[in-house]
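Text of protein.pdb (PDB, C-alpha atoms, pLDDT in the B column) as supplied:
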ATOM      1  CA  MET A   6      86.721  33.099  54.244  1.00 39.00           C
ATOM      2  CA  MET A   7      85.660  29.569  53.430  1.00 38.00           C
ATOM      3  CA  VAL A   8      82.355  28.188  54.602  1.00 37.00           C
ATOM      4  CA  ILE A   9      82.016  24.443  54.796  1.00 38.00           C
ATOM      5  CA  ALA A  10      78.521  23.098  54.844  1.00 38.00           C
ATOM      6  CA  CYS A  11      77.945  19.803  56.517  1.00 35.00           C
ATOM      7  CA  ASN A  12      74.692  17.998  56.107  1.00 40.00           C
ATOM      8  CA  ALA A  13      74.543  15.319  58.760  1.00 39.00           C
ATOM      9  CA  SER A  14      71.687  12.959  58.512  1.00 40.00           C
ATOM     10  CA  THR A  15      70.945  10.207  60.878  1.00 43.00           C
ATOM     11  CA  ALA A  16      68.439   7.532  60.224  1.00 49.00           C
ATOM     12  CA  VAL A  17      66.374   6.886  63.291  1.00 53.00           C
ATOM     13  CA  ARG A  18      64.130   3.874  63.102  1.00 65.00           C
ATOM     14  CA  ALA A  19      60.965   4.249  65.073  1.00 88.00           C
ATOM     15  CA  GLU A  20      59.658   1.534  67.352  1.00 96.00           C
ATOM     16  CA  SER A  21      57.069  -0.664  65.676  1.00 97.00           C
ATOM     17  CA  HIS A  22      54.994  -3.711  66.664  1.00 97.00           C
ATOM     18  CA  LEU A  23      52.484  -5.769  64.681  1.00 97.00           C
ATOM     19  CA  VAL A  24      49.706  -7.981  66.045  1.00 98.00           C
ATOM     20  CA  ARG A  25      48.330 -10.610  63.652  1.00 98.00           C
ATOM     21  CA  PHE A  26      45.406 -12.996  64.157  1.00 98.00           C
ATOM     22  CA  LEU A  27      44.722 -16.507  62.937  1.00 98.00           C
ATOM     23  CA  ASN A  28      41.222 -17.767  63.747  1.00 98.00           C
ATOM     24  CA  ARG A  29      40.835 -21.474  62.954  1.00 97.00           C
ATOM     25  CA  CYS A  30      37.607 -21.849  64.970  1.00 97.00           C
ATOM     26  CA  GLY A  31      35.303 -21.240  62.037  1.00 94.00           C
ATOM     27  CA  THR A  32      33.309 -18.716  64.052  1.00 96.00           C
ATOM     28  CA  GLY A  33      33.926 -15.677  66.221  1.00 97.00           C
ATOM     29  CA  THR A  34      35.644 -12.338  65.670  1.00 98.00           C
ATOM     30  CA  PRO A  35      39.083 -11.483  67.088  1.00 98.00           C
ATOM     31  CA  GLN A  36      39.094  -8.334  69.204  1.00 98.00           C
ATOM     32  CA  LEU A  37      42.132  -6.201  70.041  1.00 98.00           C
ATOM     33  CA  VAL A  38      41.428  -3.579  72.704  1.00 98.00           C
ATOM     34  CA  VAL A  39      43.913  -0.747  73.309  1.00 97.00           C
ATOM     35  CA  GLY A  40      43.127   2.047  75.752  1.00 94.00           C
ATOM     36  CA  GLY A  41      39.422   1.225  75.862  1.00 94.00           C
ATOM     37  CA  GLN A  42      39.074   1.161  72.061  1.00 96.00           C
ATOM     38  CA  ILE A  43      38.682  -1.813  69.728  1.00 97.00           C
ATOM     39  CA  VAL A  44      41.497  -1.232  67.239  1.00 98.00           C
ATOM     40  CA  SER A  45      41.213  -4.494  65.289  1.00 98.00           C
ATOM     41  CA  THR A  46      38.543  -7.080  64.572  1.00 97.00           C
ATOM     42  CA  GLY A  47      40.903  -9.534  62.907  1.00 97.00           C
ATOM     43  CA  GLY A  48      43.054  -7.464  60.587  1.00 97.00           C
ATOM     44  CA  ASP A  49      46.726  -6.776  61.260  1.00 98.00           C
ATOM     45  CA  PHE A  50      47.308  -3.984  63.770  1.00 98.00           C
ATOM     46  CA  VAL A  51      50.517  -1.937  63.664  1.00 98.00           C
ATOM     47  CA  SER A  52      51.613   0.313  66.498  1.00 96.00           C
ATOM     48  CA  ASN A  53      54.391   2.825  65.889  1.00 96.00           C
ATOM     49  CA  GLY A  54      55.345   2.833  69.534  1.00 96.00           C
ATOM     50  CA  PRO A  55      54.821   0.864  72.731  1.00 97.00           C
ATOM     51  CA  PHE A  56      51.335  -0.263  73.659  1.00 95.00           C
ATOM     52  CA  VAL A  57      49.379  -2.335  76.165  1.00 98.00           C
ATOM     53  CA  ALA A  58      46.393  -4.346  74.951  1.00 98.00           C
ATOM     54  CA  ILE A  59      44.130  -7.340  75.458  1.00 98.00           C
ATOM     55  CA  SER A  60      42.804  -9.685  72.823  1.00 98.00           C
ATOM     56  CA  TYR A  61      40.132 -12.381  72.746  1.00 98.00           C
ATOM     57  CA  LEU A  62      37.826 -14.161  70.321  1.00 98.00           C
ATOM     58  CA  GLN A  63      34.364 -12.638  70.539  1.00 98.00           C
ATOM     59  CA  THR A  64      31.990 -15.589  70.300  1.00 96.00           C
ATOM     60  CA  GLY A  65      28.927 -13.780  71.652  1.00 96.00           C
ATOM     61  CA  GLN A  66      29.421 -14.212  75.383  1.00 96.00           C
ATOM     62  CA  CYS A  67      32.515 -12.034  75.905  1.00 97.00           C
ATOM     63  CA  GLY A  68      32.285  -8.741  77.733  1.00 97.00           C
ATOM     64  CA  PHE A  69      34.148  -5.704  76.372  1.00 96.00           C
ATOM     65  CA  ASN A  70      37.233  -6.509  78.485  1.00 96.00           C
ATOM     66  CA  GLY A  71      37.067 -10.198  77.613  1.00 97.00           C
ATOM     67  CA  GLU A  72      34.964 -11.243  80.591  1.00 97.00           C
ATOM     68  CA  ASN A  73      33.758 -14.863  80.203  1.00 98.00           C
ATOM     69  CA  CYS A  74      36.469 -15.484  77.608  1.00 98.00           C
ATOM     70  CA  ALA A  75      40.179 -16.289  77.522  1.00 98.00           C
ATOM     71  CA  THR A  76      42.374 -13.253  76.871  1.00 98.00           C
ATOM     72  CA  VAL A  77      45.883 -12.634  75.670  1.00 98.00           C
ATOM     73  CA  GLU A  78      47.358  -9.700  77.568  1.00 98.00           C
ATOM     74  CA  MET A  79      50.298  -7.905  75.992  1.00 98.00           C
ATOM     75  CA  ASP A  80      52.701  -5.110  76.785  1.00 98.00           C
ATOM     76  CA  LEU A  81      54.812  -4.602  73.677  1.00 98.00           C
ATOM     77  CA  ALA A  82      57.644  -2.115  74.115  1.00 97.00           C
ATOM     78  CA  ASN A  83      61.322  -1.788  73.295  1.00 97.00           C
ATOM     79  CA  PRO A  84      63.555  -3.282  74.540  1.00 96.00           C
ATOM     80  CA  THR A  85      61.418  -5.820  76.453  1.00 97.00           C
ATOM     81  CA  SER A  86      57.898  -7.087  75.755  1.00 98.00           C
ATOM     82  CA  PHE A  87      55.575  -9.284  77.808  1.00 98.00           C
ATOM     83  CA  ALA A  88      52.518 -11.379  76.947  1.00 98.00           C
ATOM     84  CA  ASP A  89      50.371 -13.942  78.726  1.00 98.00           C
ATOM     85  CA  ILE A  90      47.084 -15.817  78.601  1.00 98.00           C
ATOM     86  CA  SER A  91      44.599 -14.952  81.333  1.00 98.00           C
ATOM     87  CA  LEU A  92      41.930 -17.228  82.754  1.00 98.00           C
ATOM     88  CA  ILE A  93      41.622 -15.241  85.990  1.00 97.00           C
ATOM     89  CA  LEU A  94      37.924 -14.985  86.876  1.00 96.00           C
ATOM     90  CA  PRO A  95      35.791 -13.644  85.275  1.00 97.00           C
ATOM     91  CA  HIS A  96      37.819 -14.955  82.293  1.00 97.00           C
ATOM     92  CA  ALA A  97      37.266 -18.514  81.049  1.00 97.00           C
ATOM     93  CA  LEU A  98      38.334 -20.626  78.106  1.00 97.00           C
ATOM     94  CA  ASN A  99      35.600 -20.073  75.506  1.00 96.00           C
ATOM     95  CA  VAL A 100      37.281 -21.693  72.473  1.00 96.00           C
ATOM     96  CA  GLY A 101      39.119 -24.961  71.797  1.00 96.00           C
ATOM     97  CA  SER A 102      42.452 -23.227  72.412  1.00 98.00           C
ATOM     98  CA  ILE A 103      44.113 -19.840  72.524  1.00 98.00           C
ATOM     99  CA  SER A 104      47.755 -19.230  71.721  1.00 98.00           C
ATOM    100  CA  PHE A 105      50.285 -16.484  71.099  1.00 98.00           C
ATOM    101  CA  ARG A 106      53.760 -16.492  69.591  1.00 98.00           C
ATOM    102  CA  TYR A 107      56.334 -13.760  69.116  1.00 97.00           C
ATOM    103  CA  PHE A 108      57.793 -13.378  65.637  1.00 95.00           C
ATOM    104  CA  VAL A 109      60.536 -11.177  64.178  1.00 91.00           C
ATOM    105  CA  GLY A 110      62.376 -11.370  67.489  1.00 89.00           C
ATOM    106  CA  CYS A 111      62.054 -14.198  70.018  1.00 94.00           C
ATOM    107  CA  SER A 112      60.474 -16.291  67.262  1.00 90.00           C
ATOM    108  CA  GLY A 113      58.774 -19.364  68.688  1.00 87.00           C
ATOM    109  CA  PHE A 114      58.447 -18.017  72.230  1.00 96.00           C
ATOM    110  CA  GLY A 115      54.853 -18.034  73.385  1.00 98.00           C
ATOM    111  CA  ALA A 116      52.163 -20.115  75.050  1.00 98.00           C
ATOM    112  CA  THR A 117      49.123 -22.225  74.200  1.00 98.00           C
ATOM    113  CA  CYS A 118      46.170 -23.028  76.433  1.00 98.00           C
ATOM    114  CA  ALA A 119      43.830 -25.815  75.346  1.00 98.00           C
ATOM    115  CA  SER A 120      42.060 -26.698  78.603  1.00 97.00           C
ATOM    116  CA  PRO A 121      40.446 -24.723  81.448  1.00 97.00           C
ATOM    117  CA  ASP A 122      43.222 -25.848  83.838  1.00 96.00           C
ATOM    118  CA  CYS A 123      46.237 -25.386  81.512  1.00 97.00           C
ATOM    119  CA  SER A 124      49.458 -24.489  83.311  1.00 96.00           C
ATOM    120  CA  THR A 125      50.427 -21.890  80.689  1.00 97.00           C
ATOM    121  CA  ALA A 126      47.749 -19.363  81.728  1.00 97.00           C
ATOM    122  CA  PHE A 127      47.140 -17.100  84.689  1.00 97.00           C
ATOM    123  CA  HIS A 128      44.455 -18.591  86.937  1.00 97.00           C
ATOM    124  CA  ASN A 129      45.209 -16.212  89.805  1.00 95.00           C
ATOM    125  CA  PRO A 130      47.391 -13.079  90.025  1.00 93.00           C
ATOM    126  CA  ASP A 131      50.302 -15.070  91.512  1.00 92.00           C
ATOM    127  CA  ASP A 132      50.802 -17.267  88.422  1.00 91.00           C
ATOM    128  CA  GLN A 133      53.856 -15.324  87.275  1.00 92.00           C
ATOM    129  CA  GLN A 134      55.157 -18.357  85.330  1.00 93.00           C
ATOM    130  CA  ALA A 135      52.477 -17.583  82.730  1.00 96.00           C
ATOM    131  CA  ILE A 136      54.284 -14.423  81.580  1.00 97.00           C
ATOM    132  CA  VAL A 137      56.365 -14.900  78.433  1.00 98.00           C
ATOM    133  CA  GLU A 138      59.040 -12.230  78.106  1.00 97.00           C
ATOM    134  CA  CYS A 139      60.903 -11.203  74.973  1.00 97.00           C
ATOM    135  CA  GLY A 140      64.067  -9.120  75.265  1.00 97.00           C
ATOM    136  CA  ASN A 141      64.192  -7.992  71.625  1.00 96.00           C
ATOM    137  CA  SER A 142      63.053  -4.701  70.135  1.00 96.00           C
ATOM    138  CA  ASP A 143      60.255  -4.338  67.572  1.00 96.00           C
ATOM    139  CA  VAL A 144      58.749  -7.767  68.215  1.00 97.00           C
ATOM    140  CA  ASN A 145      55.459  -8.848  66.683  1.00 97.00           C
ATOM    141  CA  LEU A 146      52.781 -11.128  68.069  1.00 98.00           C
ATOM    142  CA  LEU A 147      50.679 -13.804  66.393  1.00 98.00           C
ATOM    143  CA  ILE A 148      47.488 -14.683  68.275  1.00 98.00           C
ATOM    144  CA  GLU A 149      45.777 -17.934  67.263  1.00 98.00           C
ATOM    145  CA  PHE A 150      42.412 -19.392  68.179  1.00 98.00           C
ATOM    146  CA  CYS A 151      41.616 -23.138  67.864  1.00 97.00           C
ATOM    147  CA  VAL A 152      45.196 -24.076  67.007  1.00 87.00           C
TER     148      VAL A 152
END
Could you express the structure from this file as structure tokens?
Amino acid sequence: MMVIACNASTAVRAESHLVRFLNRCGTGTPQLVVGGQIVSTGGDFVSNGPFVAISYLQTGQCGFNGENCATVEMDLANPTSFADISLILPHALNVGSISFRYFVGCSGFGATCASPDCSTAFHNPDDQQAIVECGNSDVNLLIEFCV
């Protein structure tokens, strides 16, 4: 009797997303809040799976959920991710500008808001045009302040 051993190995790549910050304001501390926890204060954050988060530049007047400040809202998940800038009350533009851009997938897609009435941000819940979608897996996000 002959026994044939077969060792099948499959490489499965796990989902991964990175959020990176660039603060050109000269003051303030980036905040990344996931599930009620601050997971980054400016350093790169890597998630080995899907996640939903908000980010803002803490300049002293921001509440924990970004109240009184502009926020970037993100839902990063394979195969489709979403991000937007929110100025829905009680949020308000607290820095010269806030911006986000996808990279490593949908590179260049994003939005910038440099005035309290910018058309690229949510001002009320019906401003669906503010959502920037990316249909690639494992996308990363760069969030910039004072671009």
- The distance between atom CA of Leu62 of chain A and atom CA of Phe127 of chain A is 17.4 Å
- Message: So that I can see what lies close to Val144 of chain A, please list as a ChimeraX atom specification the residues with an atom at most 7 Å from it, counting only C-alpha atoms and leaving out residues fewer than 6 positions away in the same chain.
- Response: /A:22,107-110
- So what does the PyMOL selection byres ((chain A and resi 80) around 6) actually pick up in this one, as a list in words? Phe56, Val57, Met79, Leu81, Ser86 and Phe87 of chain A
- Message: Show me, as a ChimeraX atom specification, the residues that have an atom within 8 Å of segment 92-106 of chain A when counting only C-alpha atoms, minus same-chain residues fewer than 5 positions from it.
- Response: /A:30,62,64,71-77,112-121,126-130,146-152
- Message: As a check of understanding, name the residues that the PyMOL selection byres ((chain A and resi 37-52) around 7) selects in the supplied structure, as a list in words.
- Response: Ser21, His22, Leu23, Val24, Arg25, Phe26, Thr34, Pro35, Gln36, Asn53, Gly54, Val57, Ala58, Ile59 and Ser60 of chain A
Quick one: axis-aligned box around all listed atoms of segment 44-57 of chain A, 4 Å on every side, centre and edge lengths in Å to one decimal, written as JSON.
{"center_x": 46.9, "center_y": -3.4, "center_z": 68.4, "size_x": 24.8, "size_y": 20.4, "size_z": 23.6}
- Which is closer to Val137 of chain A than all the others in A:Gln63, A:Asn83, A:Glu78, A:Cys123, using all atoms listed in the file?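 Nearest to Val137 of chain A: A:Glu78.
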- Query: Rounded to one decimal in Å, what is the spacing between atom CA of Gly140 of chain A and atom CA of Ser91 of chain A?
  - Reply: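 Answer for the atom CA of Gly140 of chain A to atom CA of Ser91 of chain A separation: 21.2 Å.
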- Message: Please report the interatomic distance between atom CA of Ala135 of chain A and atom CA of Asp89 of chain A in Å with one decimal.
- Response: 5.8 Å
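Counting all atoms listed in the file, the residue from A:Ala88, A:Cys67, A:Cys111, A:Gly31 that sits nearest to Asn141 of chain A is A:Cys111.
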- Compare A:Gln133, A:Asn145, A:Pro55, A:Gly68 by their minimum atom-to-atom distance to Glu20 of chain A, counting only C-alpha atoms, and give me the closest one. A:Pro55
With N, CA and C atoms as the target, complete segment 47-83 of chain A and hand it back as an mmCIF file, in the coordinates of the input.
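What follows is the written file out33.cif:
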data_model
loop_
_atom_site.group_PDB
_atom_site.id
_atom_site.type_symbol
_atom_site.label_atom_id
_atom_site.label_comp_id
_atom_site.auth_asym_id
_atom_site.auth_seq_id
_atom_site.Cartn_x
_atom_site.Cartn_y
_atom_site.Cartn_z
ATOM 1 N N GLY A 47 40.324 -8.418 63.650
ATOM 2 C CA GLY A 47 40.903 -9.534 62.907
ATOM 3 C C GLY A 47 41.984 -9.148 61.927
ATOM 4 N N GLY A 48 42.004 -7.910 61.494
ATOM 5 C CA GLY A 48 43.054 -7.464 60.587
ATOM 6 C C GLY A 48 44.341 -7.179 61.351
ATOM 7 N N ASP A 49 45.463 -7.133 60.629
ATOM 8 C CA ASP A 49 46.726 -6.776 61.260
ATOM 9 C C ASP A 49 46.618 -5.405 61.913
ATOM 10 N N PHE A 50 47.240 -5.270 63.079
ATOM 11 C CA PHE A 50 47.308 -3.984 63.770
ATOM 12 C C PHE A 50 48.771 -3.625 63.934
ATOM 13 N N VAL A 51 49.141 -2.411 63.527
ATOM 14 C CA VAL A 51 50.517 -1.937 63.664
ATOM 15 C C VAL A 51 50.518 -0.752 64.608
ATOM 16 N N SER A 52 51.415 -0.798 65.583
ATOM 17 C CA SER A 52 51.613 0.313 66.498
ATOM 18 C C SER A 52 53.006 0.873 66.261
ATOM 19 N N ASN A 53 53.091 2.173 66.078
ATOM 20 C CA ASN A 53 54.391 2.825 65.889
ATOM 21 C C ASN A 53 54.904 3.358 67.211
ATOM 22 N N GLY A 54 54.884 2.496 68.201
ATOM 23 C CA GLY A 54 55.345 2.833 69.534
ATOM 24 C C GLY A 54 54.889 1.751 70.490
ATOM 25 N N PRO A 55 55.227 1.875 71.753
ATOM 26 C CA PRO A 55 54.821 0.864 72.731
ATOM 27 C C PRO A 55 53.312 0.899 72.949
ATOM 28 N N PHE A 56 52.760 -0.241 73.331
ATOM 29 C CA PHE A 56 51.335 -0.263 73.659
ATOM 30 C C PHE A 56 51.011 -1.448 74.550
ATOM 31 N N VAL A 57 49.916 -1.304 75.281
ATOM 32 C CA VAL A 57 49.379 -2.335 76.165
ATOM 33 C C VAL A 57 47.992 -2.660 75.644
ATOM 34 N N ALA A 58 47.677 -3.961 75.534
ATOM 35 C CA ALA A 58 46.393 -4.346 74.951
ATOM 36 C C ALA A 58 45.936 -5.691 75.496
ATOM 37 N N ILE A 59 44.667 -6.002 75.229
ATOM 38 C CA ILE A 59 44.130 -7.340 75.458
ATOM 39 C C ILE A 59 43.495 -7.801 74.149
ATOM 40 N N SER A 60 43.436 -9.118 74.001
ATOM 41 C CA SER A 60 42.804 -9.685 72.823
ATOM 42 C C SER A 60 42.026 -10.931 73.220
ATOM 43 N N TYR A 61 40.945 -11.195 72.501
ATOM 44 C CA TYR A 61 40.132 -12.381 72.746
ATOM 45 C C TYR A 61 39.319 -12.654 71.492
ATOM 46 N N LEU A 62 38.706 -13.822 71.433
ATOM 47 C CA LEU A 62 37.826 -14.161 70.321
ATOM 48 C C LEU A 62 36.389 -13.942 70.775
ATOM 49 N N GLN A 63 35.751 -12.946 70.188
ATOM 50 C CA GLN A 63 34.364 -12.638 70.539
ATOM 51 C C GLN A 63 33.453 -13.689 69.907
ATOM 52 N N THR A 64 32.874 -14.517 70.760
ATOM 53 C CA THR A 64 31.990 -15.589 70.300
ATOM 54 C C THR A 64 30.543 -15.341 70.730
ATOM 55 N N GLY A 65 30.278 -14.146 71.238
ATOM 56 C CA GLY A 65 28.927 -13.780 71.652
ATOM 57 C C GLY A 65 28.771 -13.594 73.141
ATOM 58 N N GLN A 66 29.586 -14.314 73.932
ATOM 59 C CA GLN A 66 29.421 -14.212 75.383
ATOM 60 C C GLN A 66 30.477 -13.343 76.066
ATOM 61 N N CYS A 67 31.424 -12.813 75.297
ATOM 62 C CA CYS A 67 32.515 -12.034 75.905
ATOM 63 C C CYS A 67 32.074 -10.617 76.222
ATOM 64 N N GLY A 68 32.463 -10.147 77.407
ATOM 65 C CA GLY A 68 32.285 -8.741 77.733
ATOM 66 C C GLY A 68 33.336 -7.915 77.011
ATOM 67 N N PHE A 69 33.223 -6.588 77.089
ATOM 68 C CA PHE A 69 34.148 -5.704 76.372
ATOM 69 C C PHE A 69 35.607 -5.948 76.757
ATOM 70 N N ASN A 70 35.860 -6.247 78.023
ATOM 71 C CA ASN A 70 37.233 -6.509 78.485
ATOM 72 C C ASN A 70 37.552 -7.998 78.501
ATOM 73 N N GLY A 71 36.807 -8.774 77.733
ATOM 74 C CA GLY A 71 37.067 -10.198 77.613
ATOM 75 C C GLY A 71 36.472 -11.044 78.712
ATOM 76 N N GLU A 72 35.611 -10.457 79.544
ATOM 77 C CA GLU A 72 34.964 -11.243 80.591
ATOM 78 C C GLU A 72 34.271 -12.446 79.961
ATOM 79 N N ASN A 73 34.337 -13.590 80.645
ATOM 80 C CA ASN A 73 33.758 -14.863 80.203
ATOM 81 C C ASN A 73 34.534 -15.514 79.064
ATOM 82 N N CYS A 74 35.657 -14.955 78.707
ATOM 83 C CA CYS A 74 36.469 -15.484 77.608
ATOM 84 C C CYS A 74 37.947 -15.468 78.005
ATOM 85 N N ALA A 75 38.728 -16.288 77.313
ATOM 86 C CA ALA A 75 40.179 -16.289 77.522
ATOM 87 C C ALA A 75 40.770 -15.067 76.830
ATOM 88 N N THR A 76 41.740 -14.428 77.475
ATOM 89 C CA THR A 76 42.374 -13.253 76.871
ATOM 90 C C THR A 76 43.875 -13.445 76.763
ATOM 91 N N VAL A 77 44.441 -12.807 75.757
ATOM 92 C CA VAL A 77 45.883 -12.634 75.670
ATOM 93 C C VAL A 77 46.137 -11.194 76.088
ATOM 94 N N GLU A 78 46.980 -11.028 77.099
ATOM 95 C CA GLU A 78 47.358 -9.700 77.568
ATOM 96 C C GLU A 78 48.749 -9.425 77.037
ATOM 97 N N MET A 79 48.981 -8.217 76.551
ATOM 98 C CA MET A 79 50.298 -7.905 75.992
ATOM 99 C C MET A 79 50.737 -6.509 76.377
ATOM 100 N N ASP A 80 52.037 -6.385 76.549
ATOM 101 C CA ASP A 80 52.701 -5.110 76.785
ATOM 102 C C ASP A 80 53.909 -5.128 75.864
ATOM 103 N N LEU A 81 53.749 -4.567 74.675
ATOM 104 C CA LEU A 81 54.812 -4.602 73.677
ATOM 105 C C LEU A 81 55.541 -3.267 73.687
ATOM 106 N N ALA A 82 56.831 -3.322 74.005
ATOM 107 C CA ALA A 82 57.644 -2.115 74.115
ATOM 108 C C ALA A 82 59.112 -2.483 73.962
ATOM 109 N N ASN A 83 59.874 -1.581 73.380
ATOM 110 C CA ASN A 83 61.322 -1.788 73.295
ATOM 111 C C ASN A 83 61.950 -1.391 74.616
#
